[in-house]
Structures are given as structure tokens and as C-alpha cells.
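J.: Here it is: the structure, laid out below.
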Amino acid sequence: MPIKSYKPYTPSRRGMTSADFSELTTKTPEKSLVSKVTRKGGRNNTGMIMVRHQGGGHKRAFRRVDFKRDKAGIPAKVATIEYDPNRTARICLLHYADGEKRYILHPVGLKVGDVVTSGPTAEIKVGNALPLNKIPEGSFVHNVELNPGKGAQMMRSAGSQAQVMNKDGGYAQLKMPSGEVRMVPEICMATLGQVGNTEHNTITLGKAGRNRHRGIRPTVRGGAMNATDHPLGGGRGKSKGNNHPRSPWNQLSKGYKTRNKKKVWGWMIVSDRRRSAQHAG
């Protein structure tokens with residue numbers, strides 16, 4: 001996916017870059033797989049803001065993506081590669097042999113006209129979905145389930161992939177992009193290959209307005225607020241007083257560990273991403 005730059009006819013255009021969308025084959029989504037998105041602006045049912053910095057943005061339609069890949073043994077042909085405004089990855093439309101249509105995440109190298117399948121007997125090739133116990137060690141996967149049958153929860157964003165390191169005792173060990181190694185049940189489904197749109201993280205927005213188009217509102221520094229609004233607020237000038245960096249709810253934000261050590265799934269992390277980064281350095 002090439003990155004497009006612009007002539008600097010305004011100051012904001014000078015550093016701005018965007019995707020050129022050359023890999024897309026259509027602009028019109030499959031009508032049967034599109035539904036309405038109700039926007040909340042970060043508010044709950046009482047109108048109180050629960051998530052800050054959300055609101056506005058361009059209108060979007062929701063594309064229903066198949067994260068389960070549970071149509072085992074039925075071949076499907078890739079009909080289109082499309083843009084999805086709700087995620088960083090591209091999606092592709094599959095036409096199954098039985099007539100059904102579904103969207104999946106578009107992996108690197110999958111082209112229109114290619115045939116993909118899912119299930120334990122599927123071939124080892126990009127775009128096919130298999131249980132982890134059927135995938136060779138050393139392979140790169142995406143769209144990975146954490147609980148069998150629940151649907152993929154990991155490796156879904158643009159450029160994501162995990163490597164199958166080892167399989168033992170009913171679990172597969174996956175190495176994440178962060179360097180963390182964690183165990184996943186062997187019967188969980190995963191798709192071979194890497195999620196497409198790999199250069200997404202190199203895009204420069206260039207101006208604040210592009211963030212507003214995405215539905216992201218401005219973030220104000222705590223130190224610029226009044227003392228009643230933030231733990232770091234108040235003072236004369238830019239004085240922070242004797243306060244360490246904190247969240248608006250007074251939780252320490254640097255070095256304070258928030259993860260519960262008694263968490264049920266904590267034992268599944270074989271190598272923590274922070275420790276692995278320290279050892280690598």
C-alpha cells in the first residue's frame with residue numbers, strides 16, 4: 001500500500017500523508033452485510049461522559065466481519081477488497097460455494113479470485129483459517145481466538161501477526177509483536193498470514209481536523225485545568241506543585257502497576273512484553 005503525499009499549498013498539507021487506496025477494487029460495500037452505527041459520543045444511558053475525547057466525526061456504516069471463520073470445508077472465492085472505516089485493516093468479500101457472502105480481514109498477498117477455506121483440513125496457505133494444532137510451528141498467523149468458538153480477539157489491526165512458537169499440553173505458544181509470549185488453547189482458530197495495510201502506522205495526519213473527522217475530540221492537559229477539575233490543576237502559572245503525574249481520577253500514571261496479579265488468565269503469559277524488551281536491550 002503506497003503512501004501518498006501532497007503539494008504544500010497550505011501549512012497543514014506540508015507534512016500530511018494518506019493511503020492511496022490503490023489495492024481497493026470497489027467503493028460500494030455489500031448491502032446485506034452493512035448495518036447502522038448508533039453513535040454515543042462517549043456517553044452512557046444517562047448522558048454522562050464515560051469515555052473522554054469522543055464525539056463528532058464522519059458518518060459511518062458498520063460492516064459485519066466474520067471473526068469466527070466457522071464455515072469449515074466450504075471453499076470461498078475472494079470477490080472484492082474494500083475499505084472499512086471502522087478499522088485500520090482492509091476487508092475482503094468472500095463468495096462461498098453455497099451462496100453465502102461474508103467479510104474477512106484482508107491479509108497480505110490475498111488477491112481477487114483467490115480461493116480460501118477454513119477448518120482442520122484446510123491447506124496451509126495465506127487466508128486459510130485452521131485450529132492452532134494444525135498450523136506448523138514457525139508460521140505467522142492473525143485473527144486469533146482466545147476462547148474456542150468465541151471469534152478472534154487478537155491480531156486484528158493493520159500489519160498485525162503473531163508467530164506460532166511451540167505446542168505442548170493442549171496449548172500453543174504465540175509470540176506477539178510486542179515480544180510477549182502467551183499460551184492459547186490449541187483448538188482456537190487462527191488465520192494464516194499477516195493483516196494487510198501494513199504501512200498504516202506511517203501515515204501523518206498533518207492537521208487537527210483529520211482527528212475530528214475520525215471522531216476524536218481535543219485532549220486538554222490536566223495542568224491547564226482548575227484544581228476542582230483535575231489533580232494537577234490550579235497553581236500559579238505552570239506550577240505542578242509536589243504532584244506526580246496522575247489521571248483525572250487521581251491514579252498514578254507512571255510506573256504504578258494496575259494489572260491484578262490474581263487475574264485468572266495471567267498464568268497464560270509465558271514471557272511478559274516488558275521483561276522481554278529489557279532482555280532484548
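Just remember, in the C-alpha cells the first chain shown is A, the second B, etc., residues are 1-based per chain, and ligands are 1-based in the order shown.
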Determine which residues of range 27-236 of chain A receive a DSSP assignment of helix (DSSP H, G or I), computed from the backbone, and state them as a ChimeraX atom specification.
T.: /A:31-33,132-134,200-202,208-213,222-224
J.: With C-alpha atoms retained, write the just-selected residues as a PDB file, in the first residue's frame.
T.:
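And here's out-v4.pdb as it stands now:
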ATOM      1  CA  LYS A  31     -25.558  -4.201   1.181  1.00  0.00           C
ATOM      2  CA  SER A  32     -26.577  -7.379   3.033  1.00  0.00           C
ATOM      3  CA  LEU A  33     -23.542  -7.095   5.360  1.00  0.00           C
ATOM      4  CA  LEU A 132      -3.669 -23.801  16.009  1.00  0.00           C
ATOM      5  CA  ASN A 133      -2.895 -27.522  16.453  1.00  0.00           C
ATOM      6  CA  LYS A 134      -2.963 -27.893  12.639  1.00  0.00           C
ATOM      7  CA  HIS A 200      -0.921   2.327   8.104  1.00  0.00           C
ATOM      8  CA  ASN A 201       1.258   3.341  11.058  1.00  0.00           C
ATOM      9  CA  THR A 202       3.426   5.585   8.831  1.00  0.00           C
ATOM     10  CA  ALA A 208      -6.149  18.587  13.911  1.00  0.00           C
ATOM     11  CA  GLY A 209      -9.157  18.479  11.594  1.00  0.00           C
ATOM     12  CA  ARG A 210      -8.352  14.952  10.446  1.00  0.00           C
ATOM     13  CA  ASN A 211      -8.629  13.755  14.034  1.00  0.00           C
ATOM     14  CA  ARG A 212     -12.029  15.468  14.296  1.00  0.00           C
ATOM     15  CA  HIS A 213     -13.119  13.632  11.141  1.00  0.00           C
ATOM     16  CA  GLY A 222      -4.507  18.416  33.441  1.00  0.00           C
ATOM     17  CA  GLY A 223      -2.096  21.174  34.455  1.00  0.00           C
ATOM     18  CA  ALA A 224      -4.093  23.663  32.366  1.00  0.00           C
TER      19      ALA A 224
END
J.: Can you pull out the residues contacting Thr26 in chain A? Cut-off 8 Å, using only C-alpha atoms, and skip same-chain residues under 4 positions away; I want them as a VMD selection string.
T.: chain A and resid 80 to 82
J.: Using only C-alpha atoms, find each residue in range 37-85 of chain A having at least one atom no more than 12 Å away from range 155-161 of chain A; report its shortest atom-to-atom pair and that distance in Å (one decimal), rows by chain then rising number, as CSV.
T.:
residue,atom,partner,partner_atom,distance
A:Val65,CA,A:Arg156,CA,11.0
A:Asp66,CA,A:Arg156,CA,11.6
A:Phe67,CA,A:Arg156,CA,9.1
A:Asp84,CA,A:Ala158,CA,11.4
J.: Distance CA of Asn147 in chain A-CA of Tyr171 in chain A, one decimal place?
T.: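 So the two atoms, CA of Asn147 in chain A and CA of Tyr171 in chain A, lie 11.6 Å apart.
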J.: As a PyMOL selection string, please: the residues near Gly113 in chain A (cut-off 9 Å, only C-alpha atoms, same-chain neighbours under 2 positions excluded).
T.: chain A and resi 77-80+110-111+115
J.: Can I get the selected residues back with N, CA and C atoms, as a PDB file, in the first residue's frame?
T.:
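Listed below is the output, part_3.pdb:
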ATOM      1  N   LYS A  77     -14.481 -17.796  -2.782  1.00  0.00           N
ATOM      2  CA  LYS A  77     -13.661 -17.002  -3.698  1.00  0.00           C
ATOM      3  C   LYS A  77     -13.658 -15.552  -3.252  1.00  0.00           C
ATOM      4  N   VAL A  78     -12.474 -14.917  -3.310  1.00  0.00           N
ATOM      5  CA  VAL A  78     -12.351 -13.501  -2.951  1.00  0.00           C
ATOM      6  C   VAL A  78     -12.937 -12.674  -4.085  1.00  0.00           C
ATOM      7  N   ALA A  79     -14.011 -11.922  -3.777  1.00  0.00           N
ATOM      8  CA  ALA A  79     -14.710 -11.146  -4.810  1.00  0.00           C
ATOM      9  C   ALA A  79     -14.202  -9.709  -4.883  1.00  0.00           C
ATOM     10  N   THR A  80     -13.980  -9.073  -3.726  1.00  0.00           N
ATOM     11  CA  THR A  80     -13.545  -7.668  -3.703  1.00  0.00           C
ATOM     12  C   THR A  80     -12.613  -7.437  -2.526  1.00  0.00           C
ATOM     13  N   LEU A 110      -3.263 -11.748  -0.446  1.00  0.00           N
ATOM     14  CA  LEU A 110      -4.509 -12.338  -0.934  1.00  0.00           C
ATOM     15  C   LEU A 110      -5.107 -11.434  -2.011  1.00  0.00           C
ATOM     16  N   LYS A 111      -5.419 -12.002  -3.175  1.00  0.00           N
ATOM     17  CA  LYS A 111      -5.889 -11.236  -4.324  1.00  0.00           C
ATOM     18  C   LYS A 111      -7.302 -11.656  -4.717  1.00  0.00           C
ATOM     19  N   VAL A 115      -8.951 -18.497  -3.822  1.00  0.00           N
ATOM     20  CA  VAL A 115      -9.912 -19.335  -3.092  1.00  0.00           C
ATOM     21  C   VAL A 115      -9.361 -19.633  -1.706  1.00  0.00           C
TER      22      VAL A 115
END
J.: Report as CSV the residues of range 7-67 of chain A within 10 Å of range 85-107 of chain A, each with its shortest atom pair and distance in Å (one decimal), using only C-alpha atoms, ordered by chain and increasing residue number.
T.:
residue,atom,partner,partner_atom,distance
A:Phe21,CA,A:Arg90,CA,9.7
A:Glu23,CA,A:Arg90,CA,9.2
A:Leu24,CA,A:Arg90,CA,8.4
A:Thr25,CA,A:Cys92,CA,9.5
A:Pro29,CA,A:Leu93,CA,8.8
A:Glu30,CA,A:Leu93,CA,7.9
A:Ser32,CA,A:Lys101,CA,8.5
A:Leu33,CA,A:Arg102,CA,7.4
A:His58,CA,A:Pro85,CA,9.4
A:Lys59,CA,A:Pro85,CA,9.4
A:Arg60,CA,A:Pro85,CA,6.6
A:Ala61,CA,A:Pro85,CA,7.9
A:Phe62,CA,A:Asn86,CA,7.0
A:Arg63,CA,A:Tyr103,CA,7.8
A:Arg64,CA,A:Tyr103,CA,6.8
A:Val65,CA,A:Tyr103,CA,4.8
A:Asp66,CA,A:Ile104,CA,5.4
A:Phe67,CA,A:Ile104,CA,7.0
J.: Please, what distance in Å, to one decimal, runs between CA of Gly255 in chain A and CA of Arg274 in chain A?
T.: 12.0 Å
J.: As a ChimeraX atom specification, please: every residue in range 2-163 of chain A that a backbone DSSP assignment puts in strand (DSSP E).
T.: /A:3-5,17-19,34-36,61-63,76-82,91-96,101-105,115-116,129-131,140-142,144-145,152-154,162-163
J.: How would the residues just chosen look if you wrote them out with C-alpha atoms as a PDB file, in the first residue's frame?
T.:
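result-v1.pdb was written with the following content:
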ATOM      1  CA  ILE A   3       1.650   6.294   0.903  1.00  0.00           C
ATOM      2  CA  LYS A   4       0.529   9.463  -0.871  1.00  0.00           C
ATOM      3  CA  SER A   5       1.959  12.905  -0.052  1.00  0.00           C
ATOM      4  CA  THR A  17       0.272  11.827   4.108  1.00  0.00           C
ATOM      5  CA  SER A  18      -2.506   9.336   3.416  1.00  0.00           C
ATOM      6  CA  ALA A  19      -3.102   5.945   1.832  1.00  0.00           C
ATOM      7  CA  VAL A  34     -23.931  -3.410   6.247  1.00  0.00           C
ATOM      8  CA  SER A  35     -25.830  -2.037   9.242  1.00  0.00           C
ATOM      9  CA  LYS A  36     -26.340   1.264  11.029  1.00  0.00           C
ATOM     10  CA  ALA A  61     -21.779   2.316   8.226  1.00  0.00           C
ATOM     11  CA  PHE A  62     -20.843  -0.880  10.063  1.00  0.00           C
ATOM     12  CA  ARG A  63     -19.553  -3.849   8.034  1.00  0.00           C
ATOM     13  CA  ALA A  76     -14.893 -19.281  -0.929  1.00  0.00           C
ATOM     14  CA  LYS A  77     -13.661 -17.002  -3.698  1.00  0.00           C
ATOM     15  CA  VAL A  78     -12.351 -13.501  -2.951  1.00  0.00           C
ATOM     16  CA  ALA A  79     -14.710 -11.146  -4.810  1.00  0.00           C
ATOM     17  CA  THR A  80     -13.545  -7.668  -3.703  1.00  0.00           C
ATOM     18  CA  ILE A  81     -11.053  -5.854  -1.484  1.00  0.00           C
ATOM     19  CA  GLU A  82     -12.714  -2.952   0.332  1.00  0.00           C
ATOM     20  CA  ILE A  91     -11.572  -6.225   4.386  1.00  0.00           C
ATOM     21  CA  CYS A  92     -12.345  -8.591   1.540  1.00  0.00           C
ATOM     22  CA  LEU A  93     -15.679 -10.040   0.474  1.00  0.00           C
ATOM     23  CA  LEU A  94     -15.918 -13.823   0.149  1.00  0.00           C
ATOM     24  CA  HIS A  95     -18.438 -15.602  -2.061  1.00  0.00           C
ATOM     25  CA  TYR A  96     -18.904 -19.119  -0.645  1.00  0.00           C
ATOM     26  CA  LYS A 101     -21.338 -13.901   1.436  1.00  0.00           C
ATOM     27  CA  ARG A 102     -19.054 -12.848   4.286  1.00  0.00           C
ATOM     28  CA  TYR A 103     -16.386 -10.261   5.005  1.00  0.00           C
ATOM     29  CA  ILE A 104     -12.972 -11.248   6.423  1.00  0.00           C
ATOM     30  CA  LEU A 105      -9.858  -9.252   7.236  1.00  0.00           C
ATOM     31  CA  VAL A 115      -9.912 -19.335  -3.092  1.00  0.00           C
ATOM     32  CA  VAL A 116      -9.771 -19.702   0.701  1.00  0.00           C
ATOM     33  CA  ALA A 129      -8.217 -20.497   8.837  1.00  0.00           C
ATOM     34  CA  LEU A 130      -7.259 -23.563  10.875  1.00  0.00           C
ATOM     35  CA  PRO A 131      -7.076 -24.628  14.528  1.00  0.00           C
ATOM     36  CA  PHE A 140       2.757 -16.411  11.169  1.00  0.00           C
ATOM     37  CA  VAL A 141      -0.942 -16.020  11.966  1.00  0.00           C
ATOM     38  CA  HIS A 142      -3.535 -13.322  12.597  1.00  0.00           C
ATOM     39  CA  VAL A 144      -6.528 -15.410  16.607  1.00  0.00           C
ATOM     40  CA  GLU A 145      -9.171 -16.640  19.049  1.00  0.00           C
ATOM     41  CA  ALA A 152     -10.933 -13.750  17.032  1.00  0.00           C
ATOM     42  CA  GLN A 153      -9.848 -11.190  19.600  1.00  0.00           C
ATOM     43  CA  MET A 154      -6.136 -10.802  18.817  1.00  0.00           C
ATOM     44  CA  ALA A 162       1.893 -13.499  15.713  1.00  0.00           C
ATOM     45  CA  GLN A 163       4.321 -16.393  15.352  1.00  0.00           C
TER      46      GLN A 163
END
J.: Smallest atom-to-atom distance to Gly149 in chain A: which of A:Arg217, A:His244, A:Lys175, A:Lys68, using only C-alpha atoms?
T.: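 Checking each of A:Arg217, A:His244, A:Lys175, A:Lys68 against Gly149 in chain A, counting only C-alpha atoms, the winner is A:Lys68.
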J.: Hey, what's within 9 Å of Arg52 in chain A if we count only C-alpha atoms and toss same-chain stuff fewer than 2 positions away? As a VMD selection string, please?
T.: chain A and resid 41 to 43 49 to 50 54 to 55 217 219
J.: Suppose we keep C-alpha atoms; can you now write the selection as a PDB file, in the first residue's frame?
T.:
ATOM      1  CA  GLY A  41     -20.170  10.294  21.863  1.00  0.00           C
ATOM      2  CA  GLY A  42     -18.619   8.506  24.835  1.00  0.00           C
ATOM      3  CA  ARG A  43     -21.816   8.852  26.905  1.00  0.00           C
ATOM      4  CA  ILE A  49     -19.437  11.123  29.662  1.00  0.00           C
ATOM      5  CA  MET A  50     -17.857   7.734  30.369  1.00  0.00           C
ATOM      6  CA  GLN A  54     -15.080  11.137  21.712  1.00  0.00           C
ATOM      7  CA  GLY A  55     -17.688  12.838  19.545  1.00  0.00           C
ATOM      8  CA  ARG A 217     -12.061  15.420  20.252  1.00  0.00           C
ATOM      9  CA  THR A 219      -7.299  16.466  24.848  1.00  0.00           C
TER      10      THR A 219
END
J.: Looking at A:His230, A:Arg259, A:Arg273, A:His53, which one is nearest to Val181 in chain A, with distances taken over only C-alpha atoms?
T.: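 Checking each candidate against Val181 in chain A, we get A:Arg273 as the closest.
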J.: Which residues, written as a ChimeraX atom specification, have at least one atom at most 10 Å from Ala72 in chain A, with only C-alpha atoms counted and residues fewer than 3 positions away on the same chain left out?
T.: /A:69,75,117-122,129-130
J.: Suppose you want the space between CA of Asn226 in chain A and CA of Asn242 in chain A; what is it in Å?
T.: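 Going from CA of Asn226 in chain A over to CA of Asn242 in chain A, I get 16.0 Å.
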J.: Leaving out Met165 in chain A and any residue of its chain fewer than 4 positions from it, which residues lie within 9 Å of it when counting only C-alpha atoms, given as a ChimeraX atom specification?
T.: /A:137-139,172-175,181
J.: Output the selection as a CSV table (one decimal), in the first residue's frame - C-alpha atoms for each residue.
T.:
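Just written: part.csv:
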chain,number,residue,atom,x,y,z
A,137,GLU,CA,5.4,-24.1,14.2
A,138,GLY,CA,7.2,-21.0,12.9
A,139,SER,CA,4.1,-19.9,10.9
A,172,ALA,CA,0.1,-23.2,21.6
A,173,GLN,CA,2.7,-20.5,22.5
A,174,LEU,CA,2.3,-17.4,20.3
A,175,LYS,CA,4.9,-14.6,20.1
A,181,VAL,CA,4.8,-14.9,24.5
